[in-house]
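Raw query.cif, mmCIF, N, CA and C atoms:
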data_my_file
loop_
_atom_site.label_atom_id
_atom_site.label_comp_id
_atom_site.auth_asym_id
_atom_site.auth_seq_id
_atom_site.Cartn_x
_atom_site.Cartn_y
_atom_site.Cartn_z
N MET A 1 77.29 55.39 -101.32
CA MET A 1 76.52 54.63 -102.26
C MET A 1 75.62 53.70 -101.45
N ASP A 2 74.39 53.55 -101.89
CA ASP A 2 73.45 52.66 -101.22
C ASP A 2 73.16 51.46 -102.10
N PHE A 3 73.22 50.28 -101.49
CA PHE A 3 72.90 49.03 -102.18
C PHE A 3 71.62 48.47 -101.57
N LYS A 4 70.57 48.41 -102.36
CA LYS A 4 69.28 47.92 -101.89
C LYS A 4 69.38 46.44 -101.52
N CYS A 5 68.90 46.11 -100.34
CA CYS A 5 68.80 44.72 -99.89
C CYS A 5 67.88 44.69 -98.67
N SER A 6 67.40 43.54 -98.34
CA SER A 6 66.45 43.44 -97.24
C SER A 6 67.17 43.43 -95.90
N GLY A 7 66.46 43.91 -94.87
CA GLY A 7 67.00 43.86 -93.52
C GLY A 7 67.35 42.43 -93.16
N GLY A 8 68.46 42.25 -92.50
CA GLY A 8 68.91 40.92 -92.12
C GLY A 8 69.75 40.24 -93.18
N ALA A 9 69.93 40.89 -94.34
CA ALA A 9 70.75 40.31 -95.41
C ALA A 9 72.20 40.18 -94.94
N LYS A 10 72.88 39.17 -95.45
CA LYS A 10 74.30 38.99 -95.15
C LYS A 10 75.11 40.05 -95.88
N VAL A 11 76.07 40.66 -95.18
CA VAL A 11 76.97 41.64 -95.77
C VAL A 11 78.36 41.03 -95.77
N VAL A 12 79.02 41.05 -96.95
CA VAL A 12 80.34 40.43 -97.08
C VAL A 12 81.39 41.46 -97.46
N ALA A 13 82.64 41.12 -97.19
CA ALA A 13 83.77 42.00 -97.52
C ALA A 13 83.96 42.04 -99.03
N VAL A 14 84.17 43.25 -99.56
CA VAL A 14 84.38 43.42 -101.00
C VAL A 14 85.80 43.05 -101.41
N ASN A 15 86.70 42.92 -100.44
CA ASN A 15 88.08 42.55 -100.72
C ASN A 15 88.72 42.12 -99.40
N ASP A 16 89.93 41.57 -99.48
CA ASP A 16 90.68 41.25 -98.28
C ASP A 16 91.01 42.54 -97.55
N GLY A 17 91.16 42.48 -96.22
CA GLY A 17 91.55 43.68 -95.51
C GLY A 17 91.58 43.52 -94.01
N LEU A 18 91.99 44.59 -93.36
CA LEU A 18 92.11 44.65 -91.91
C LEU A 18 90.99 45.50 -91.34
N VAL A 19 90.26 44.95 -90.37
CA VAL A 19 89.18 45.70 -89.72
C VAL A 19 89.82 46.76 -88.84
N ILE A 20 89.59 48.03 -89.20
CA ILE A 20 90.15 49.16 -88.45
C ILE A 20 89.30 49.45 -87.22
N SER A 21 87.96 49.38 -87.40
CA SER A 21 87.08 49.69 -86.27
C SER A 21 85.69 49.11 -86.51
N VAL A 22 84.99 48.91 -85.40
CA VAL A 22 83.57 48.57 -85.39
C VAL A 22 82.96 49.50 -84.35
N GLU A 23 82.16 50.47 -84.82
CA GLU A 23 81.65 51.50 -83.91
C GLU A 23 80.19 51.80 -84.21
N LYS A 24 79.52 52.32 -83.18
CA LYS A 24 78.15 52.81 -83.35
C LYS A 24 78.21 54.30 -83.60
N ASP A 25 77.46 54.74 -84.61
CA ASP A 25 77.41 56.14 -85.00
C ASP A 25 75.94 56.57 -84.98
N SER A 26 75.67 57.75 -84.45
CA SER A 26 74.28 58.19 -84.32
C SER A 26 73.59 58.37 -85.67
N LEU A 27 74.32 58.68 -86.71
CA LEU A 27 73.74 58.86 -88.04
C LEU A 27 73.81 57.61 -88.91
N LEU A 28 74.93 56.90 -88.83
CA LEU A 28 75.17 55.76 -89.72
C LEU A 28 74.86 54.40 -89.10
N GLY A 29 74.53 54.35 -87.83
CA GLY A 29 74.29 53.07 -87.17
C GLY A 29 75.61 52.39 -86.86
N THR A 30 75.59 51.07 -86.81
CA THR A 30 76.83 50.33 -86.57
C THR A 30 77.64 50.31 -87.86
N VAL A 31 78.91 50.71 -87.75
CA VAL A 31 79.78 50.86 -88.92
C VAL A 31 81.01 49.98 -88.75
N ILE A 32 81.28 49.19 -89.79
CA ILE A 32 82.52 48.41 -89.86
C ILE A 32 83.42 49.12 -90.86
N GLU A 33 84.62 49.49 -90.41
CA GLU A 33 85.58 50.17 -91.28
C GLU A 33 86.73 49.22 -91.56
N ILE A 34 87.02 49.01 -92.85
CA ILE A 34 88.06 48.05 -93.25
C ILE A 34 89.06 48.72 -94.18
N ASP A 35 90.34 48.53 -93.87
CA ASP A 35 91.42 48.97 -94.74
C ASP A 35 91.66 47.84 -95.73
N HIS A 36 91.31 48.07 -97.00
CA HIS A 36 91.45 47.04 -98.03
C HIS A 36 92.77 47.12 -98.77
N GLY A 37 93.70 47.91 -98.29
CA GLY A 37 95.01 48.03 -98.91
C GLY A 37 95.01 49.04 -100.04
N GLY A 38 96.19 49.42 -100.49
CA GLY A 38 96.32 50.38 -101.58
C GLY A 38 95.67 51.72 -101.27
N LYS A 39 95.64 52.08 -99.98
CA LYS A 39 95.04 53.33 -99.48
C LYS A 39 93.53 53.37 -99.69
N LEU A 40 92.91 52.19 -99.85
CA LEU A 40 91.47 52.06 -100.04
C LEU A 40 90.82 51.61 -98.74
N VAL A 41 89.92 52.44 -98.19
CA VAL A 41 89.23 52.15 -96.94
C VAL A 41 87.72 52.18 -97.19
N ALA A 42 87.02 51.17 -96.68
CA ALA A 42 85.57 51.08 -96.87
C ALA A 42 84.86 51.14 -95.52
N LYS A 43 83.66 51.75 -95.55
CA LYS A 43 82.78 51.77 -94.38
C LYS A 43 81.48 51.08 -94.77
N TYR A 44 81.17 50.02 -94.04
CA TYR A 44 79.94 49.26 -94.22
C TYR A 44 79.00 49.75 -93.11
N CYS A 45 77.97 50.52 -93.48
CA CYS A 45 77.15 51.24 -92.50
C CYS A 45 75.75 50.64 -92.38
N GLY A 46 75.21 50.74 -91.16
CA GLY A 46 73.86 50.25 -90.92
C GLY A 46 73.82 48.77 -90.61
N MET A 47 74.87 48.28 -90.01
CA MET A 47 74.96 46.85 -89.68
C MET A 47 74.10 46.53 -88.45
N ASP A 48 73.69 45.28 -88.37
CA ASP A 48 72.95 44.79 -87.21
C ASP A 48 73.90 43.88 -86.44
N ALA A 49 73.81 42.59 -86.64
CA ALA A 49 74.74 41.65 -86.02
C ALA A 49 76.08 41.77 -86.73
N VAL A 50 77.17 41.78 -85.97
CA VAL A 50 78.51 41.93 -86.53
C VAL A 50 79.34 40.71 -86.14
N ASN A 51 80.02 40.13 -87.13
CA ASN A 51 80.82 38.91 -86.90
C ASN A 51 82.31 39.18 -86.82
N VAL A 52 82.74 40.44 -86.89
CA VAL A 52 84.16 40.77 -86.88
C VAL A 52 84.45 41.79 -85.78
N SER A 53 85.72 41.90 -85.44
CA SER A 53 86.17 42.86 -84.42
C SER A 53 87.37 43.62 -84.94
N GLU A 54 87.63 44.76 -84.32
CA GLU A 54 88.81 45.54 -84.66
C GLU A 54 90.04 44.65 -84.58
N GLY A 55 90.89 44.74 -85.60
CA GLY A 55 92.12 43.96 -85.64
C GLY A 55 91.99 42.64 -86.40
N ASP A 56 90.77 42.23 -86.73
CA ASP A 56 90.57 41.00 -87.51
C ASP A 56 91.01 41.23 -88.95
N TYR A 57 91.55 40.18 -89.56
CA TYR A 57 91.84 40.21 -90.99
C TYR A 57 90.72 39.45 -91.69
N VAL A 58 90.11 40.06 -92.70
CA VAL A 58 89.02 39.42 -93.43
C VAL A 58 89.45 39.14 -94.86
N THR A 59 88.77 38.18 -95.48
CA THR A 59 89.04 37.84 -96.86
C THR A 59 87.83 38.18 -97.72
N ILE A 60 88.07 38.38 -99.00
CA ILE A 60 87.00 38.74 -99.92
C ILE A 60 85.86 37.72 -99.81
N GLY A 61 84.64 38.23 -99.70
CA GLY A 61 83.47 37.36 -99.60
C GLY A 61 83.14 36.89 -98.20
N GLN A 62 84.01 37.18 -97.23
CA GLN A 62 83.76 36.76 -95.85
C GLN A 62 82.59 37.54 -95.28
N MET A 63 81.70 36.84 -94.58
CA MET A 63 80.55 37.50 -93.98
C MET A 63 81.00 38.39 -92.82
N LEU A 64 80.61 39.66 -92.89
CA LEU A 64 80.94 40.63 -91.85
C LEU A 64 79.85 40.71 -90.80
N GLY A 65 78.62 40.40 -91.21
CA GLY A 65 77.48 40.48 -90.32
C GLY A 65 76.21 40.60 -91.13
N THR A 66 75.15 41.08 -90.49
CA THR A 66 73.88 41.24 -91.18
C THR A 66 73.45 42.71 -91.17
N LEU A 67 72.61 43.03 -92.14
CA LEU A 67 72.18 44.40 -92.33
C LEU A 67 71.08 44.78 -91.35
N GLY A 68 71.22 45.98 -90.78
CA GLY A 68 70.21 46.56 -89.91
C GLY A 68 69.63 47.80 -90.58
N THR A 69 69.76 48.96 -89.92
CA THR A 69 69.26 50.21 -90.49
C THR A 69 70.30 51.32 -90.34
N VAL A 70 70.17 52.30 -91.20
CA VAL A 70 70.99 53.51 -91.14
C VAL A 70 70.08 54.60 -90.58
N PRO A 71 70.30 55.02 -89.33
CA PRO A 71 69.37 55.95 -88.68
C PRO A 71 68.97 57.17 -89.50
N PHE A 72 69.92 57.85 -90.15
CA PHE A 72 69.55 59.06 -90.86
C PHE A 72 68.85 58.78 -92.19
N GLU A 73 68.80 57.52 -92.60
CA GLU A 73 68.10 57.12 -93.81
C GLU A 73 67.00 56.10 -93.50
N ALA A 74 66.55 56.07 -92.27
CA ALA A 74 65.61 55.04 -91.81
C ALA A 74 64.29 55.03 -92.56
N GLU A 75 63.89 56.17 -93.11
CA GLU A 75 62.62 56.25 -93.85
C GLU A 75 62.72 55.63 -95.24
N GLU A 76 63.94 55.39 -95.71
CA GLU A 76 64.13 54.82 -97.04
C GLU A 76 64.02 53.29 -96.98
N GLU A 77 63.95 52.67 -98.18
CA GLU A 77 63.93 51.21 -98.23
C GLU A 77 65.22 50.67 -97.61
N SER A 78 65.15 49.43 -97.16
CA SER A 78 66.31 48.80 -96.53
C SER A 78 67.48 48.76 -97.52
N HIS A 79 68.67 49.13 -97.02
CA HIS A 79 69.85 49.17 -97.88
C HIS A 79 71.13 49.19 -97.06
N LEU A 80 72.22 48.82 -97.71
CA LEU A 80 73.56 48.98 -97.13
C LEU A 80 74.09 50.33 -97.58
N HIS A 81 74.43 51.19 -96.64
CA HIS A 81 75.09 52.46 -96.95
C HIS A 81 76.58 52.16 -96.96
N PHE A 82 77.22 52.36 -98.10
CA PHE A 82 78.61 51.93 -98.31
C PHE A 82 79.43 53.13 -98.75
N GLU A 83 80.49 53.42 -98.02
CA GLU A 83 81.37 54.54 -98.35
C GLU A 83 82.79 54.03 -98.57
N MET A 84 83.51 54.67 -99.50
CA MET A 84 84.91 54.33 -99.73
C MET A 84 85.73 55.60 -99.86
N THR A 85 86.94 55.53 -99.32
CA THR A 85 87.91 56.59 -99.54
C THR A 85 89.16 55.97 -100.15
N LEU A 86 89.79 56.72 -101.03
CA LEU A 86 91.06 56.33 -101.62
C LEU A 86 92.03 57.45 -101.31
N ASP A 87 93.07 57.12 -100.56
CA ASP A 87 94.06 58.11 -100.13
C ASP A 87 93.38 59.28 -99.40
N GLY A 88 92.34 58.94 -98.60
CA GLY A 88 91.67 59.94 -97.76
C GLY A 88 90.57 60.73 -98.45
N GLU A 89 90.35 60.52 -99.74
CA GLU A 89 89.32 61.25 -100.49
C GLU A 89 88.15 60.31 -100.80
N TYR A 90 86.91 60.80 -100.60
CA TYR A 90 85.75 59.98 -100.92
C TYR A 90 85.69 59.72 -102.42
N VAL A 91 85.40 58.46 -102.77
CA VAL A 91 85.32 58.04 -104.18
C VAL A 91 84.08 57.18 -104.38
N ASN A 92 83.67 57.06 -105.63
CA ASN A 92 82.58 56.15 -105.98
C ASN A 92 83.14 54.73 -105.91
N PRO A 93 82.56 53.89 -105.04
CA PRO A 93 83.08 52.52 -104.90
C PRO A 93 83.16 51.75 -106.21
N LEU A 94 82.22 51.96 -107.11
CA LEU A 94 82.22 51.24 -108.38
C LEU A 94 83.39 51.65 -109.28
N ASP A 95 83.92 52.84 -109.06
CA ASP A 95 85.05 53.31 -109.85
C ASP A 95 86.39 52.75 -109.38
N VAL A 96 86.48 52.33 -108.12
CA VAL A 96 87.79 51.94 -107.58
C VAL A 96 87.92 50.48 -107.18
N MET A 97 86.83 49.79 -106.97
CA MET A 97 86.94 48.40 -106.54
C MET A 97 87.68 47.59 -107.60
N GLY A 98 88.67 46.85 -107.14
CA GLY A 98 89.45 46.00 -108.04
C GLY A 98 90.57 46.73 -108.77
N LYS A 99 90.77 48.02 -108.49
CA LYS A 99 91.79 48.79 -109.22
C LYS A 99 92.99 49.15 -108.36
N THR A 100 93.03 48.69 -107.10
CA THR A 100 94.19 48.99 -106.26
C THR A 100 95.05 47.74 -106.16
N GLU A 101 96.31 47.94 -105.84
CA GLU A 101 97.22 46.80 -105.68
C GLU A 101 97.37 46.46 -104.22
#
As structure tokens, what does this structure read like?
Amino acid sequence: MDFKCSGGAKVVAVNDGLVISVEKDSLLGTVIEIDHGGKLVAKYCGMDAVNVSEGDYVTIGQMLGTLGTVPFEAEEESHLHFEMTLDGEYVNPLDVMGKTE
């Protein structure tokens, strides 16, 4: 799912969770992966400056960093590319946020 926002926008955690990884990906740019509990894992893609590291615990609304670009979508308007999996299966983030324990 893509959320339109301007480059440099603050990106915040959608829920409390544990930062699993912060990695650079040739297609997705810098990606922050967070385990939000209840088998719900989110990937915040296309980050620029990152304020968290692997192993950090974040709280809902905490700033993770600022938005950069997603290389494979670079021709599109600036946006956050956001992916979620529930129990290992890709899901629509709007369908699952707030529904796990």
With a distance cut-off of 8 Å and only N, CA and C atoms, select the neighbouring residues of Thr66 (chain A), excluding the residue or stretch itself and same-chain residues fewer than 4 positions from it, and output the selection as a short mmCIF file (atom, residue, chain, number, x, y, z; two decimals) with N, CA and C atoms, in the coordinates of the input.
data_model
loop_
_atom_site.label_atom_id
_atom_site.label_comp_id
_atom_site.auth_asym_id
_atom_site.auth_seq_id
_atom_site.Cartn_x
_atom_site.Cartn_y
_atom_site.Cartn_z
N SER A 6 67.40 43.54 -98.34
CA SER A 6 66.45 43.44 -97.24
C SER A 6 67.17 43.43 -95.90
N GLY A 7 66.46 43.91 -94.87
CA GLY A 7 67.00 43.86 -93.52
C GLY A 7 67.35 42.43 -93.16
N GLY A 8 68.46 42.25 -92.50
CA GLY A 8 68.91 40.92 -92.12
C GLY A 8 69.75 40.24 -93.18
N ALA A 9 69.93 40.89 -94.34
CA ALA A 9 70.75 40.31 -95.41
C ALA A 9 72.20 40.18 -94.94
N LYS A 10 72.88 39.17 -95.45
CA LYS A 10 74.30 38.99 -95.15
C LYS A 10 75.11 40.05 -95.88
N VAL A 11 76.07 40.66 -95.18
CA VAL A 11 76.97 41.64 -95.77
C VAL A 11 78.36 41.03 -95.77
N VAL A 12 79.02 41.05 -96.95
CA VAL A 12 80.34 40.43 -97.08
C VAL A 12 81.39 41.46 -97.46
N GLY A 46 75.21 50.74 -91.16
CA GLY A 46 73.86 50.25 -90.92
C GLY A 46 73.82 48.77 -90.61
N MET A 47 74.87 48.28 -90.01
CA MET A 47 74.96 46.85 -89.68
C MET A 47 74.10 46.53 -88.45
N ASP A 48 73.69 45.28 -88.37
CA ASP A 48 72.95 44.79 -87.21
C ASP A 48 73.90 43.88 -86.44
N ALA A 49 73.81 42.59 -86.64
CA ALA A 49 74.74 41.65 -86.02
C ALA A 49 76.08 41.77 -86.73
N VAL A 50 77.17 41.78 -85.97
CA VAL A 50 78.51 41.93 -86.53
C VAL A 50 79.34 40.71 -86.14
N ASN A 51 80.02 40.13 -87.13
CA ASN A 51 80.82 38.91 -86.90
C ASN A 51 82.31 39.18 -86.82
#
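Counting from atom N of Gly55 (chain A), the distance to atom C of Ile20 (chain A) is 5.2 Å.
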Output of the PyMOL selection byres ((chain A and resi 74-77) around 8), listed as a PyMOL selection string: chain A and resi 3-7+69-73+78-80
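What the PyMOL selection byres (((chain A and resi 59 and name CA) around 8) and name CA) grabs from this file is Ala13, Asn15, Asp16, Gly17, Tyr57, Val58, Ile60, Gly61 and Gln62 of chain A.
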All alpha helix (DSSP H) residues (DSSP, backbone) inside chain A, as a PyMOL selection string: chain A and resi 93-96
DSSP strand (DSSP E or B) residues within chain A, as JSON, numbers by chain: {"A": [2, 3, 4, 10, 11, 12, 17, 18, 19, 20, 21, 22, 23, 24, 25, 29, 30, 31, 32, 33, 34, 35, 40, 41, 42, 43, 44, 45, 46, 47, 48, 49, 50, 57, 58, 63, 64, 65, 66, 67, 79, 80, 81, 82, 83, 84, 85, 86, 89, 90, 91]}
Two-atom distance - atom C of Ser26 (chain A), atom C of Asp95 (chain A) (Å):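 A separation of 27.5 Å between them.
Atom N of Val31 (chain A) lies 16.1 Å from CA of Val14 (chain A).
The nearest approach to Asp2 (chain A) among the residues A:Ile34, A:Leu94, A:Val41, A:Leu64, with only C-alpha atoms taken into account, belongs to A:Leu94.
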Nearest residue to Gly65 (chain A) from the set A:Thr30, A:Glu23, A:Val52, A:Leu40 (distances using all atoms listed in the file):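 When distances to Gly65 (chain A) are compared using all atoms listed in the file, the smallest one comes from A:Val52.
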Using all atoms listed in the file: which of A:Ser53, A:Gly68, A:Cys45, A:Met1 has the shortest distance to Val19 (chain A):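 Smallest distance to Val19 (chain A) is found for A:Ser53.
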Residue members of the PyMOL selection byres ((chain A and resi 83) around 6) in the file shown, as a list in words: Met1, Val41, Ala42, Lys43, Tyr44, Cys45, His81, Phe82, Met84 and Thr85 of chain A
Counting all atoms listed in the file, the option among A:Lys24, A:Lys39, A:Leu18, A:Gly29 closest to Leu86 (chain A):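 Among A:Lys24, A:Lys39, A:Leu18, A:Gly29, it is A:Lys39 that comes nearest to Leu86 (chain A).
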